[in-house]
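Asks: final-v1.cif is reproduced in full below (mmCIF, C-alpha atoms (C1' of nucleotides)).
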data_model
loop_
_atom_site.label_atom_id
_atom_site.label_comp_id
_atom_site.auth_asym_id
_atom_site.auth_seq_id
_atom_site.Cartn_x
_atom_site.Cartn_y
_atom_site.Cartn_z
CA MET A 1 0.00 0.00 0.00
CA LYS A 2 1.18 3.46 -0.80
CA SER A 3 2.24 5.57 2.13
CA GLU A 4 0.11 8.60 2.89
CA LEU A 5 2.97 10.75 1.69
CA GLN A 6 2.99 8.96 -1.64
CA VAL A 7 -0.73 9.38 -1.99
CA PHE A 8 -0.36 13.06 -1.33
CA GLN A 9 2.53 13.44 -3.73
CA ASP A 10 0.55 11.73 -6.46
CA TYR A 11 -2.30 14.09 -5.75
CA ILE A 12 0.01 17.08 -5.91
CA ARG A 13 1.57 15.91 -9.13
CA GLN A 14 -1.77 15.60 -10.87
CA ARG A 15 -2.68 19.18 -10.21
CA ASP A 16 -1.00 22.53 -10.55
CA LEU A 17 0.33 22.13 -7.04
CA ARG A 18 3.78 22.02 -5.56
CA ARG A 19 5.40 19.84 -2.97
CA THR A 20 6.37 21.91 0.02
CA ARG A 21 8.06 20.95 3.25
CA GLU A 22 5.29 22.65 5.22
CA ARG A 23 2.48 20.57 3.77
CA GLU A 24 4.38 17.35 4.05
CA ARG A 25 5.40 18.12 7.61
CA ILE A 26 1.79 18.84 8.51
CA LEU A 27 0.70 15.60 6.91
CA GLN A 28 3.35 13.66 8.78
CA GLU A 29 2.23 15.18 12.04
CA ILE A 30 -1.39 14.32 11.37
CA PHE A 31 -0.52 10.69 10.84
CA GLU A 32 1.44 10.63 14.07
CA ILE A 33 -1.65 11.67 15.97
CA HIS A 34 -3.70 8.95 17.56
CA GLY A 35 -7.34 9.75 17.33
CA HIS A 36 -8.93 13.05 16.51
CA PHE A 37 -7.37 16.46 16.23
CA ASP A 38 -8.27 20.05 15.59
CA VAL A 39 -6.35 22.86 13.96
CA ASP A 40 -5.30 24.45 17.19
CA GLY A 41 -4.03 21.24 18.70
CA LEU A 42 -2.15 20.37 15.56
CA TYR A 43 -0.61 23.81 15.44
CA LEU A 44 0.52 23.63 19.06
CA GLN A 45 1.88 20.14 18.61
CA LEU A 46 3.98 21.29 15.70
CA LYS A 47 5.10 24.35 17.59
CA GLN A 48 6.22 22.29 20.56
CA LYS A 49 8.41 20.24 18.29
CA GLY A 50 9.97 23.41 16.97
CA VAL A 51 8.35 23.06 13.56
CA LYS A 52 7.49 26.47 12.21
CA VAL A 53 4.25 26.29 10.28
CA SER A 54 1.57 28.93 10.32
CA LYS A 55 -2.03 28.19 11.11
CA ALA A 56 -2.93 29.59 7.72
CA SER A 57 -0.92 26.84 6.11
CA ILE A 58 -2.72 24.23 8.17
CA TYR A 59 -6.05 25.68 7.16
CA ARG A 60 -4.92 25.68 3.57
CA ALA A 61 -3.54 22.15 3.64
CA LEU A 62 -6.48 20.40 5.26
CA PRO A 63 -8.85 20.68 2.29
CA LEU A 64 -6.17 19.07 0.15
CA PHE A 65 -5.77 16.15 2.52
CA ILE A 66 -9.50 15.73 2.66
CA ASP A 67 -9.82 15.96 -1.08
CA CYS A 68 -7.38 13.16 -1.65
CA GLY A 69 -8.97 10.93 0.95
CA LEU A 70 -6.29 11.01 3.60
CA VAL A 71 -8.23 12.93 6.20
CA ARG A 72 -11.86 13.54 6.98
CA GLU A 73 -13.89 15.93 9.04
CA VAL A 74 -15.23 14.11 12.06
CA ASP A 75 -17.54 16.63 13.62
CA PHE A 76 -18.09 20.27 14.33
CA SER A 77 -18.22 20.61 18.09
CA GLU A 78 -16.97 23.17 20.59
CA GLY A 79 -17.18 25.73 17.85
CA HIS A 80 -14.69 24.23 15.45
CA TRP A 81 -14.00 21.24 13.26
CA HIS A 82 -12.38 18.05 14.41
CA TYR A 83 -10.59 15.79 11.99
CA GLU A 84 -8.98 12.38 11.79
CA HIS A 85 -6.69 10.67 9.36
CA ILE A 86 -8.48 7.85 7.62
CA TYR A 87 -6.03 6.51 5.09
CA GLY A 88 -5.14 2.95 6.00
CA HIS A 89 -8.04 2.60 8.38
CA SER A 90 -11.23 0.78 7.61
CA HIS A 91 -14.29 2.97 7.60
CA HIS A 92 -15.73 3.41 11.06
CA ASN A 93 -18.26 5.48 12.90
CA HIS A 94 -18.24 7.14 16.28
CA LEU A 95 -20.07 6.63 19.52
CA ARG A 96 -19.65 9.75 21.60
CA CYS A 97 -20.38 10.25 25.27
CA LEU A 98 -22.35 13.44 25.85
CA GLY A 99 -21.00 13.59 29.37
CA CYS A 100 -17.24 13.18 29.23
CA GLY A 101 -16.68 13.38 25.48
CA GLU A 102 -15.18 9.90 25.21
CA ILE A 103 -15.27 8.61 21.66
CA LEU A 104 -15.50 4.96 20.73
CA GLU A 105 -15.14 3.70 17.21
CA PHE A 106 -17.26 0.97 15.73
CA GLU A 107 -17.85 -0.53 12.34
CA ASN A 108 -21.17 -1.06 10.72
CA PRO A 109 -21.07 -2.94 7.45
CA GLY A 110 -24.83 -2.61 7.21
CA LEU A 111 -24.37 0.92 6.03
CA ASP A 112 -22.76 -0.28 2.84
CA HIS A 113 -26.00 -1.97 2.04
CA LEU A 114 -27.90 1.18 2.89
CA GLU A 115 -25.74 3.16 0.50
CA GLU A 116 -26.45 0.72 -2.28
CA GLN A 117 -30.12 0.94 -1.60
CA LEU A 118 -30.11 4.72 -1.66
CA ALA A 119 -28.13 4.69 -4.88
CA ARG A 120 -30.73 2.45 -6.49
CA GLN A 121 -33.69 4.25 -5.05
CA TYR A 122 -32.70 7.82 -5.82
CA GLY A 123 -30.17 7.43 -8.61
CA TYR A 124 -27.44 8.97 -6.51
CA HIS A 125 -23.77 8.31 -6.86
CA ILE A 126 -22.92 7.86 -3.19
CA LYS A 127 -19.59 9.11 -1.96
CA GLY A 128 -19.82 8.20 1.71
CA HIS A 129 -21.57 8.79 4.96
CA HIS A 130 -21.15 10.16 8.43
CA LEU A 131 -22.77 8.40 11.33
CA GLN A 132 -22.41 9.54 14.87
CA VAL A 133 -24.22 7.96 17.74
CA GLU A 134 -24.55 9.88 20.97
CA GLY A 135 -25.30 8.81 24.48
CA TYR A 136 -23.87 8.50 27.94
CA CYS A 137 -21.07 6.11 28.82
CA PRO A 138 -21.39 3.85 31.88
CA GLY A 139 -19.58 6.38 34.01
CA CYS A 140 -21.73 9.29 32.90
CA ARG A 141 -25.08 7.54 32.73
CA GLN A 142 -26.35 8.95 35.98
CA ALA A 143 -25.62 12.49 34.90
CA GLY A 144 -27.20 11.84 31.55
CA GLU A 145 -30.34 10.24 32.75
CA ALA A 146 -31.96 13.52 33.56
CA PRO A 147 -34.22 13.82 36.57
CA ALA A 148 -37.60 12.29 35.83
CA GLU A 149 -39.43 15.59 36.18
CA LEU A 150 -37.67 16.84 33.10
CA ASN A 151 -39.01 14.12 30.90
CA PHE A 152 -41.96 16.23 29.83
CA LEU A 153 -41.69 14.90 26.32
CA ALA A 154 -43.84 11.83 26.81
CA LYS A 155 -42.22 9.80 24.11
CA ASP A 156 -43.69 6.50 23.13
CA SER A 157 -42.11 3.12 23.47
CA ASN A 158 -39.72 3.43 20.59
CA ASP A 159 -37.99 6.13 22.58
CA ARG A 160 -34.28 5.73 22.09
CA MET B 1 -50.36 14.79 21.04
CA LYS B 2 -49.23 17.97 22.68
CA SER B 3 -48.58 20.91 20.43
CA GLU B 4 -45.01 22.09 20.16
CA LEU B 5 -46.03 25.15 22.10
CA GLN B 6 -47.34 23.04 24.91
CA VAL B 7 -44.19 21.01 24.98
CA PHE B 8 -42.18 24.18 25.22
CA GLN B 9 -44.38 25.65 27.92
CA ASP B 10 -44.03 22.51 29.98
CA TYR B 11 -40.30 22.73 29.55
CA ILE B 12 -40.29 26.38 30.59
CA ARG B 13 -42.42 25.69 33.60
CA GLN B 14 -40.12 23.00 34.89
CA ARG B 15 -37.13 25.29 34.97
CA ASP B 16 -36.38 28.76 36.21
CA LEU B 17 -37.49 30.11 32.86
CA ARG B 18 -40.20 32.50 31.77
CA ARG B 19 -42.67 32.44 28.95
CA THR B 20 -41.99 35.28 26.58
CA ARG B 21 -43.73 36.31 23.41
CA GLU B 22 -40.39 36.39 21.59
CA ARG B 23 -39.53 32.78 22.22
CA GLU B 24 -42.98 31.56 21.44
CA ARG B 25 -43.06 33.58 18.26
CA ILE B 26 -39.73 32.17 17.18
CA LEU B 27 -40.94 28.67 17.91
CA GLN B 28 -44.09 29.25 15.90
CA GLU B 29 -42.07 30.48 12.99
CA ILE B 30 -39.78 27.49 13.08
CA PHE B 31 -42.71 25.14 12.86
CA GLU B 32 -44.09 27.04 9.91
CA ILE B 33 -40.90 26.42 7.99
CA HIS B 34 -40.83 23.48 5.65
CA GLY B 35 -37.46 21.84 5.66
CA HIS B 36 -34.25 23.18 7.07
CA PHE B 37 -33.44 26.64 8.25
CA ASP B 38 -30.58 28.69 9.58
CA VAL B 39 -30.49 31.59 11.99
CA ASP B 40 -30.15 34.19 9.32
CA GLY B 41 -33.03 32.89 7.26
CA LEU B 42 -35.25 32.60 10.28
CA TYR B 43 -34.38 36.12 11.32
CA LEU B 44 -35.16 37.54 7.90
CA GLN B 45 -38.38 35.60 7.68
CA LEU B 46 -39.53 37.06 10.97
CA LYS B 47 -38.42 40.50 9.93
CA GLN B 48 -40.39 40.31 6.70
CA LYS B 49 -43.50 39.54 8.68
CA GLY B 50 -42.88 42.57 10.81
CA VAL B 51 -42.03 40.53 13.88
CA LYS B 52 -39.36 42.28 15.86
CA VAL B 53 -37.03 39.74 17.37
CA SER B 54 -33.30 40.13 17.66
CA LYS B 55 -30.85 37.57 16.40
CA ALA B 56 -29.49 37.28 19.91
CA SER B 57 -32.87 36.05 21.04
CA ILE B 58 -32.91 33.47 18.31
CA TYR B 59 -29.45 32.32 19.27
CA ARG B 60 -30.56 32.14 22.87
CA ALA B 61 -33.79 30.31 22.14
CA LEU B 62 -32.44 27.59 19.89
CA PRO B 63 -30.60 25.66 22.60
CA LEU B 64 -33.84 25.56 24.56
CA PHE B 65 -35.78 24.15 21.64
CA ILE B 66 -33.07 21.61 21.07
CA ASP B 67 -32.92 20.70 24.72
CA CYS B 68 -36.61 19.93 24.88
CA GLY B 69 -36.54 17.87 21.71
CA LEU B 70 -38.43 20.19 19.39
CA VAL B 71 -35.55 21.07 17.12
CA ARG B 72 -32.26 19.53 16.15
CA GLU B 73 -29.05 20.59 14.51
CA VAL B 74 -28.91 19.12 11.04
CA ASP B 75 -25.43 20.00 9.89
CA PHE B 76 -22.75 22.61 9.96
CA SER B 77 -22.16 23.67 6.39
CA GLU B 78 -21.43 26.92 4.63
CA GLY B 79 -19.92 28.17 7.84
CA HIS B 80 -22.99 27.98 10.03
CA TRP B 81 -25.48 25.61 11.56
CA HIS B 82 -28.62 24.38 9.89
CA TYR B 83 -31.58 23.20 11.91
CA GLU B 84 -34.92 21.53 11.50
CA HIS B 85 -37.95 21.05 13.70
CA ILE B 86 -38.38 17.41 14.58
CA TYR B 87 -41.30 17.28 16.96
CA GLY B 88 -44.11 15.36 15.35
CA HIS B 89 -41.89 13.88 12.67
CA SER B 90 -40.53 10.39 12.69
CA HIS B 91 -36.81 10.16 12.92
CA HIS B 92 -35.14 10.43 9.56
CA ASN B 93 -31.72 10.87 8.02
CA HIS B 94 -30.43 12.93 5.14
CA LEU B 95 -29.05 12.20 1.73
CA ARG B 96 -27.29 15.30 0.49
CA CYS B 97 -26.08 16.10 -2.99
CA LEU B 98 -22.54 17.42 -2.95
CA GLY B 99 -23.22 19.22 -6.19
CA CYS B 100 -26.43 21.18 -5.84
CA GLY B 101 -27.06 20.78 -2.13
CA GLU B 102 -30.39 19.01 -2.56
CA ILE B 103 -31.40 17.15 0.56
CA LEU B 104 -33.55 14.04 0.56
CA GLU B 105 -34.89 12.48 3.71
CA PHE B 106 -35.05 8.77 4.30
CA GLU B 107 -35.77 6.49 7.18
CA ASN B 108 -33.65 3.65 8.35
CA PRO B 109 -35.16 1.53 11.07
CA GLY B 110 -32.05 -0.61 11.06
CA LEU B 111 -30.31 2.06 13.08
CA ASP B 112 -32.57 1.39 16.03
CA HIS B 113 -31.13 -2.06 16.14
CA LEU B 114 -27.64 -0.66 15.89
CA GLU B 115 -28.32 1.59 18.85
CA GLU B 116 -29.51 -1.33 20.91
CA GLN B 117 -26.43 -3.28 19.99
CA LEU B 118 -24.12 -0.43 20.94
CA ALA B 119 -25.96 0.00 24.22
CA ARG B 120 -25.44 -3.67 25.02
CA GLN B 121 -21.89 -3.79 23.82
CA TYR B 122 -20.53 -0.69 25.51
CA GLY B 123 -22.99 -0.09 28.32
CA TYR B 124 -24.01 3.25 26.86
CA HIS B 125 -27.33 4.93 27.35
CA ILE B 126 -27.94 5.97 23.76
CA LYS B 127 -29.68 9.28 23.15
CA GLY B 128 -29.75 9.32 19.37
CA HIS B 129 -27.73 9.46 16.22
CA HIS B 130 -26.93 11.56 13.21
CA LEU B 131 -26.51 9.92 9.86
CA GLN B 132 -25.80 11.85 6.73
CA VAL B 133 -25.12 10.21 3.41
CA GLU B 134 -23.40 12.21 0.72
CA GLY B 135 -23.17 11.79 -2.99
CA TYR B 136 -24.22 13.26 -6.30
CA CYS B 137 -27.80 13.40 -7.48
CA PRO B 138 -28.70 12.23 -10.98
CA GLY B 139 -28.38 15.77 -12.30
CA CYS B 140 -24.99 16.36 -10.71
CA ARG B 141 -23.47 12.94 -11.26
CA GLN B 142 -21.32 13.98 -14.17
CA ALA B 143 -19.82 16.81 -12.20
CA GLY B 144 -19.22 14.57 -9.23
CA GLU B 145 -17.66 11.68 -11.02
CA ALA B 146 -14.31 13.33 -11.17
CA PRO B 147 -12.06 12.78 -14.16
CA ALA B 148 -10.46 9.38 -13.99
CA GLU B 149 -6.96 10.75 -13.72
CA LEU B 150 -7.82 12.12 -10.32
CA ASN B 151 -8.68 8.76 -8.89
CA PHE B 152 -5.16 8.27 -7.65
CA LEU B 153 -6.46 6.61 -4.54
CA ALA B 154 -6.72 3.11 -5.92
CA LYS B 155 -9.50 1.97 -3.71
CA ASP B 156 -10.49 -1.64 -3.67
CA SER B 157 -13.72 -3.12 -4.78
CA ASN B 158 -15.75 -2.07 -1.79
CA ASP B 159 -15.22 1.46 -2.97
CA ARG B 160 -18.52 3.25 -2.74
"C1'" DA C 1 -53.61 45.41 41.80
"C1'" DC C 2 -48.88 46.58 43.90
"C1'" DT C 3 -44.25 45.31 44.71
"C1'" DA C 4 -40.11 42.75 44.71
"C1'" DT C 5 -37.38 39.66 42.31
"C1'" DT C 6 -34.92 38.30 38.53
"C1'" DA C 7 -35.07 36.15 33.87
"C1'" DT C 8 -35.04 38.06 29.32
"C1'" DA C 9 -34.79 41.33 25.47
"C1'" DG C 10 -32.21 44.38 22.63
"C1'" DT C 11 -27.99 46.66 21.43
"C1'" DA C 12 -23.51 46.80 20.75
"C1'" DA C 13 -19.13 45.10 21.76
"C1'" DA C 14 -16.35 40.99 22.07
"C1'" DT C 15 -14.83 36.54 20.73
"C1'" DG C 16 -12.90 33.22 17.87
"C1'" DA C 17 -12.59 30.16 13.85
"C1'" DA C 18 -11.68 30.50 9.27
"C1'" DT C 19 -10.44 33.17 5.17
"C1'" DC C 20 -8.14 36.54 2.62
"C1'" DT C 21 -4.50 40.08 1.18
"C1'" DC C 22 -0.06 40.95 0.06
"C1'" DA C 23 4.81 40.94 -0.20
"C1'" DA C 24 8.53 37.69 0.08
"C1'" DT C 25 9.94 33.08 -0.88
"C1'" DA C 26 10.80 28.94 -3.09
"C1'" DA C 27 9.22 25.01 -6.10
"C1'" DA C 28 9.29 23.54 -10.86
"C1'" DC C 29 11.19 23.57 -15.08
"C1'" DA C 30 13.20 25.43 -19.41
"C1'" DT D 1 20.79 30.03 -13.83
"C1'" DG D 2 16.60 32.39 -14.77
"C1'" DT D 3 11.56 32.66 -15.23
"C1'" DT D 4 7.18 31.61 -13.71
"C1'" DT D 5 3.93 31.26 -10.38
"C1'" DA D 6 2.20 28.48 -6.37
"C1'" DT D 7 2.92 28.91 -1.50
"C1'" DT D 8 4.18 30.85 2.76
"C1'" DG D 9 3.67 33.79 7.00
"C1'" DA D 10 1.85 37.79 9.11
"C1'" DG D 11 -1.66 40.39 9.85
"C1'" DA D 12 -6.06 42.16 8.54
"C1'" DT D 13 -10.73 40.77 7.66
"C1'" DT D 14 -15.00 38.38 7.74
"C1'" DC D 15 -18.71 36.42 9.79
"C1'" DA D 16 -21.26 33.37 13.04
"C1'" DT D 17 -21.99 33.20 17.65
"C1'" DT D 18 -21.56 34.79 22.45
"C1'" DT D 19 -21.38 38.10 25.98
"C1'" DA D 20 -21.88 42.49 28.79
"C1'" DC D 21 -24.88 45.77 30.01
"C1'" DT D 22 -29.10 48.17 30.85
"C1'" DA D 23 -34.02 48.44 30.41
"C1'" DT D 24 -38.03 45.72 30.42
"C1'" DA D 25 -41.36 42.55 31.71
"C1'" DA D 26 -42.75 37.92 33.56
"C1'" DT D 27 -43.67 35.70 37.88
"C1'" DA D 28 -44.72 35.19 42.69
"C1'" DG D 29 -46.02 37.06 47.02
"C1'" DT D 30 -48.59 40.40 49.41
#
Kindly transcribe the structure held in the file into structure tokens.

Replies:
Amino acid sequence: MKSELQVFQDYIRQRDLRRTRERERILQEIFEIHGHFDVDGLYLQLKQKGVKVSKASIYRALPLFIDCGLVREVDFSEGHWHYEHIYGHSHHNHLRCLGCGEILEFENPGLDHLEEQLARQYGYHIKGHHLQVEGYCPGCRQAGEAPAELNFLAKDSNDR
Amino acid sequence: MKSELQVFQDYIRQRDLRRTRERERILQEIFEIHGHFDVDGLYLQLKQKGVKVSKASIYRALPLFIDCGLVREVDFSEGHWHYEHIYGHSHHNHLRCLGCGEILEFENPGLDHLEEQLARQYGYHIKGHHLQVEGYCPGCRQAGEAPAELNFLAKDSNDR
DNA sequence: ACTATTATAGTAAATGAATCTCAATAAACA
DNA sequence: TGTTTATTGAGATTCATTTACTATAATAGT
């Protein structure tokens, strides 16, 4: 399998773009990160290592990485985007705890089938999907299970 | 079934909050909107009708509507949040065209089962999920099916 | 109804993520 | 080596959202 750097270089080559040490250093850093990241964290992490890259360059590089399938947007929370590198990982979705923010990853092959069905049904050419499930982890359940008097929305039995 | 106004009033009553004409007017307007909306559009729509409500009030009211289950965030695109009213509608997901932005709604009962499975597997108390499928609609397919030379990411057969 | 309390509205200022401008730099290539 | 032009960094800018502040008005108690 190509390395992420090779993928990116191929992408660069096929456009009017240029290889630069900044972009490749940013890409390297992203693939050294376990889990999710945001622009600020990435910037600080590079700074701590003495790598001089401006935030503007990070903001400019991310759409390229996304466009060539190396990175994807995970979610927009806390007022900004969170990303993850996806190249070399099988597609997965996220289960997020609304209490502590913990994020678990899980796979759901059933969604492939759903995509096929949607493609047939609506004539779409499906590119992908985002699925995020939210709830409270075992440790946060008590906090999450709001006091009964707040359950004014008398949902029916398929309440989830 | 309770009206959305009643739901909101119950919610208000059970907190330290107060009923105000502004919030109830905003809520009414939201439920008159077909489809998705954003703060700016909602504000203009109210303005056109001669309703004087500040954007700040809209921004302050939305979290309340979301908290009591009347409204939900749909996605963050074009630099701001999009919402929809959900009370009285069965849960659905979105198929969005990356070309023209068209949004189709579809249901997927299979996700209920997924939620149950995740609850069992990880001990989570699941509150809900967001699923968004992306692709190109029949009219935009040609634009979306990028020139072959750009498919440098040699994906395998489960490419979707 | 009158009063006290305090949540809420509106306005404008503040915040902060993301984008853009522009001059200097450095890839790419003849 | 020289030319072309994409890219960088710094700072300014934009724009959605939040906040501070003061006036208002909703609620509860009398």

Asks: Can you superpose chain A onto chain B by least squares over all C-alpha atoms paired in order and give the moved copy as a short mmCIF file (atom, residue, chain, number, x, y, z; two decimals) with C-alpha atoms, keeping the file's coordinate frame?

Replies:
data_model
loop_
_atom_site.label_atom_id
_atom_site.label_comp_id
_atom_site.auth_asym_id
_atom_site.auth_seq_id
_atom_site.Cartn_x
_atom_site.Cartn_y
_atom_site.Cartn_z
CA MET A 1 -50.46 14.86 20.86
CA LYS A 2 -49.33 18.01 22.54
CA SER A 3 -48.65 20.94 20.28
CA GLU A 4 -45.06 22.10 20.07
CA LEU A 5 -46.08 25.19 21.97
CA GLN A 6 -47.45 23.07 24.79
CA VAL A 7 -44.29 21.03 24.90
CA PHE A 8 -42.28 24.19 25.15
CA GLN A 9 -44.50 25.68 27.81
CA ASP A 10 -44.20 22.54 29.89
CA TYR A 11 -40.46 22.74 29.50
CA ILE A 12 -40.46 26.38 30.55
CA ARG A 13 -42.65 25.69 33.53
CA GLN A 14 -40.35 23.00 34.86
CA ARG A 15 -37.39 25.31 34.97
CA ASP A 16 -36.68 28.78 36.22
CA LEU A 17 -37.70 30.12 32.84
CA ARG A 18 -40.37 32.50 31.68
CA ARG A 19 -42.78 32.45 28.80
CA THR A 20 -42.04 35.31 26.47
CA ARG A 21 -43.71 36.38 23.26
CA GLU A 22 -40.34 36.43 21.51
CA ARG A 23 -39.51 32.80 22.19
CA GLU A 24 -42.96 31.59 21.34
CA ARG A 25 -43.02 33.64 18.15
CA ILE A 26 -39.67 32.18 17.14
CA LEU A 27 -40.92 28.69 17.85
CA GLN A 28 -44.05 29.29 15.81
CA GLU A 29 -41.98 30.52 12.91
CA ILE A 30 -39.72 27.50 13.05
CA PHE A 31 -42.67 25.16 12.79
CA GLU A 32 -43.99 27.07 9.82
CA ILE A 33 -40.78 26.42 7.95
CA HIS A 34 -40.71 23.48 5.61
CA GLY A 35 -37.38 21.80 5.70
CA HIS A 36 -34.17 23.13 7.13
CA PHE A 37 -33.33 26.59 8.32
CA ASP A 38 -30.47 28.60 9.70
CA VAL A 39 -30.38 31.52 12.09
CA ASP A 40 -29.98 34.12 9.42
CA GLY A 41 -32.83 32.83 7.32
CA LEU A 42 -35.09 32.58 10.33
CA TYR A 43 -34.20 36.10 11.37
CA LEU A 44 -34.92 37.50 7.92
CA GLN A 45 -38.16 35.59 7.66
CA LEU A 46 -39.33 37.06 10.93
CA LYS A 47 -38.19 40.50 9.90
CA GLN A 48 -40.10 40.33 6.64
CA LYS A 49 -43.26 39.59 8.56
CA GLY A 50 -42.64 42.63 10.70
CA VAL A 51 -41.85 40.57 13.79
CA LYS A 52 -39.18 42.30 15.81
CA VAL A 53 -36.90 39.73 17.36
CA SER A 54 -33.17 40.09 17.71
CA LYS A 55 -30.73 37.52 16.46
CA ALA A 56 -29.43 37.23 19.99
CA SER A 57 -32.82 36.00 21.09
CA ILE A 58 -32.84 33.41 18.33
CA TYR A 59 -29.41 32.23 19.36
CA ARG A 60 -30.58 32.08 22.94
CA ALA A 61 -33.82 30.28 22.17
CA LEU A 62 -32.46 27.54 19.94
CA PRO A 63 -30.65 25.60 22.68
CA LEU A 64 -33.91 25.52 24.61
CA PHE A 65 -35.83 24.12 21.67
CA ILE A 66 -33.15 21.55 21.12
CA ASP A 67 -33.04 20.65 24.77
CA CYS A 68 -36.72 19.89 24.88
CA GLY A 69 -36.64 17.85 21.71
CA LEU A 70 -38.49 20.17 19.39
CA VAL A 71 -35.59 21.05 17.15
CA ARG A 72 -32.30 19.47 16.22
CA GLU A 73 -29.08 20.52 14.61
CA VAL A 74 -28.91 19.03 11.14
CA ASP A 75 -25.43 19.89 10.02
CA PHE A 76 -22.71 22.47 10.13
CA SER A 77 -22.11 23.53 6.55
CA GLU A 78 -21.33 26.81 4.83
CA GLY A 79 -19.81 27.97 8.06
CA HIS A 80 -22.87 27.80 10.25
CA TRP A 81 -25.41 25.45 11.74
CA HIS A 82 -28.55 24.30 10.02
CA TYR A 83 -31.53 23.12 12.00
CA GLU A 84 -34.90 21.48 11.54
CA HIS A 85 -37.94 21.02 13.69
CA ILE A 86 -38.40 17.39 14.57
CA TYR A 87 -41.34 17.28 16.92
CA GLY A 88 -44.15 15.35 15.29
CA HIS A 89 -41.90 13.87 12.66
CA SER A 90 -40.57 10.36 12.71
CA HIS A 91 -36.82 10.14 12.96
CA HIS A 92 -35.15 10.41 9.59
CA ASN A 93 -31.75 10.86 8.07
CA HIS A 94 -30.49 12.92 5.18
CA LEU A 95 -29.11 12.17 1.77
CA ARG A 96 -27.37 15.27 0.51
CA CYS A 97 -26.21 16.07 -2.99
CA LEU A 98 -22.66 17.41 -2.98
CA GLY A 99 -23.35 19.17 -6.24
CA CYS A 100 -26.57 21.13 -5.88
CA GLY A 101 -27.18 20.75 -2.15
CA GLU A 102 -30.51 18.97 -2.57
CA ILE A 103 -31.51 17.11 0.56
CA LEU A 104 -33.64 13.99 0.60
CA GLU A 105 -34.96 12.43 3.75
CA PHE A 106 -35.08 8.73 4.37
CA GLU A 107 -35.80 6.44 7.25
CA ASN A 108 -33.64 3.62 8.41
CA PRO A 109 -35.12 1.50 11.15
CA GLY A 110 -31.98 -0.61 11.14
CA LEU A 111 -30.27 2.06 13.14
CA ASP A 112 -32.52 1.39 16.09
CA HIS A 113 -31.07 -2.06 16.20
CA LEU A 114 -27.58 -0.64 15.94
CA GLU A 115 -28.25 1.61 18.90
CA GLU A 116 -29.40 -1.32 20.97
CA GLN A 117 -26.33 -3.24 20.05
CA LEU A 118 -24.02 -0.39 20.98
CA ALA A 119 -25.85 0.04 24.27
CA ARG A 120 -25.30 -3.62 25.08
CA GLN A 121 -21.76 -3.73 23.85
CA TYR A 122 -20.41 -0.61 25.51
CA GLY A 123 -22.85 -0.01 28.34
CA TYR A 124 -23.89 3.31 26.90
CA HIS A 125 -27.21 4.98 27.40
CA ILE A 126 -27.87 6.02 23.81
CA LYS A 127 -29.63 9.29 23.19
CA GLY A 128 -29.72 9.33 19.41
CA HIS A 129 -27.73 9.46 16.25
CA HIS A 130 -26.96 11.57 13.24
CA LEU A 131 -26.54 9.93 9.88
CA GLN A 132 -25.85 11.85 6.74
CA VAL A 133 -25.17 10.22 3.44
CA GLU A 134 -23.49 12.23 0.73
CA GLY A 135 -23.28 11.78 -2.98
CA TYR A 136 -24.33 13.24 -6.29
CA CYS A 137 -27.93 13.35 -7.45
CA PRO A 138 -28.83 12.17 -10.97
CA GLY A 139 -28.53 15.69 -12.29
CA CYS A 140 -25.14 16.31 -10.72
CA ARG A 141 -23.60 12.90 -11.25
CA GLN A 142 -21.48 13.95 -14.18
CA ALA A 143 -19.97 16.82 -12.25
CA GLY A 144 -19.38 14.57 -9.29
CA GLU A 145 -17.80 11.72 -11.10
CA ALA A 146 -14.46 13.40 -11.26
CA PRO A 147 -12.26 12.95 -14.30
CA ALA A 148 -10.60 9.55 -14.23
CA GLU A 149 -7.11 11.01 -13.96
CA LEU A 150 -7.97 12.31 -10.53
CA ASN A 151 -8.75 8.91 -9.15
CA PHE A 152 -5.22 8.45 -7.87
CA LEU A 153 -6.52 6.79 -4.76
CA ALA A 154 -6.67 3.27 -6.13
CA LYS A 155 -9.40 2.09 -3.85
CA ASP A 156 -10.34 -1.53 -3.79
CA SER A 157 -13.63 -3.04 -4.77
CA ASN A 158 -15.54 -2.02 -1.70
CA ASP A 159 -15.09 1.55 -2.85
CA ARG A 160 -18.29 3.40 -2.15
#

Asks: Select, as a list in words, those residues of chain C with any atom no more than 9 Å from chain B (distances computed using only C-alpha atoms (C1' of nucleotides)).

Replies: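 My answer is DA7, DT8, DA9, DG10 and DA18 of chain C.
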
Asks: Between D:DT18, D:DT24, D:DT30, D:DT7, which has the minimum distance to chain B (counting only C-alpha atoms (C1' of nucleotides))?

Replies: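 Looking only at the distances to chain B, the closest residue turns out to be D:DT18.
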
Asks: I'd like to see the residues matched by the PyMOL selection byres ((chain A and resi 86-89) around 12) on this file, and ideally I'd get them as a count of residues only.

Replies: 39

Asks: Quick one: residues within 10 Å of D:DA20, only C-alpha atoms (C1' of nucleotides) counted, chain neighbours fewer than 6 positions away excluded, as number ranges by chain?

Replies: C: 12-14

Asks: Generate the output file for the selected residues, C-alpha atoms (C1' of nucleotides), as an mmCIF file, in the coordinates of the input.

Replies:
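Saved file again05.cif follows:
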data_model
loop_
_atom_site.group_PDB
_atom_site.id
_atom_site.type_symbol
_atom_site.label_atom_id
_atom_site.label_comp_id
_atom_site.auth_asym_id
_atom_site.auth_seq_id
_atom_site.Cartn_x
_atom_site.Cartn_y
_atom_site.Cartn_z
ATOM 1 C "C1'" DA C 12 -23.510 46.800 20.750
ATOM 2 C "C1'" DA C 13 -19.130 45.100 21.760
ATOM 3 C "C1'" DA C 14 -16.350 40.990 22.070
#
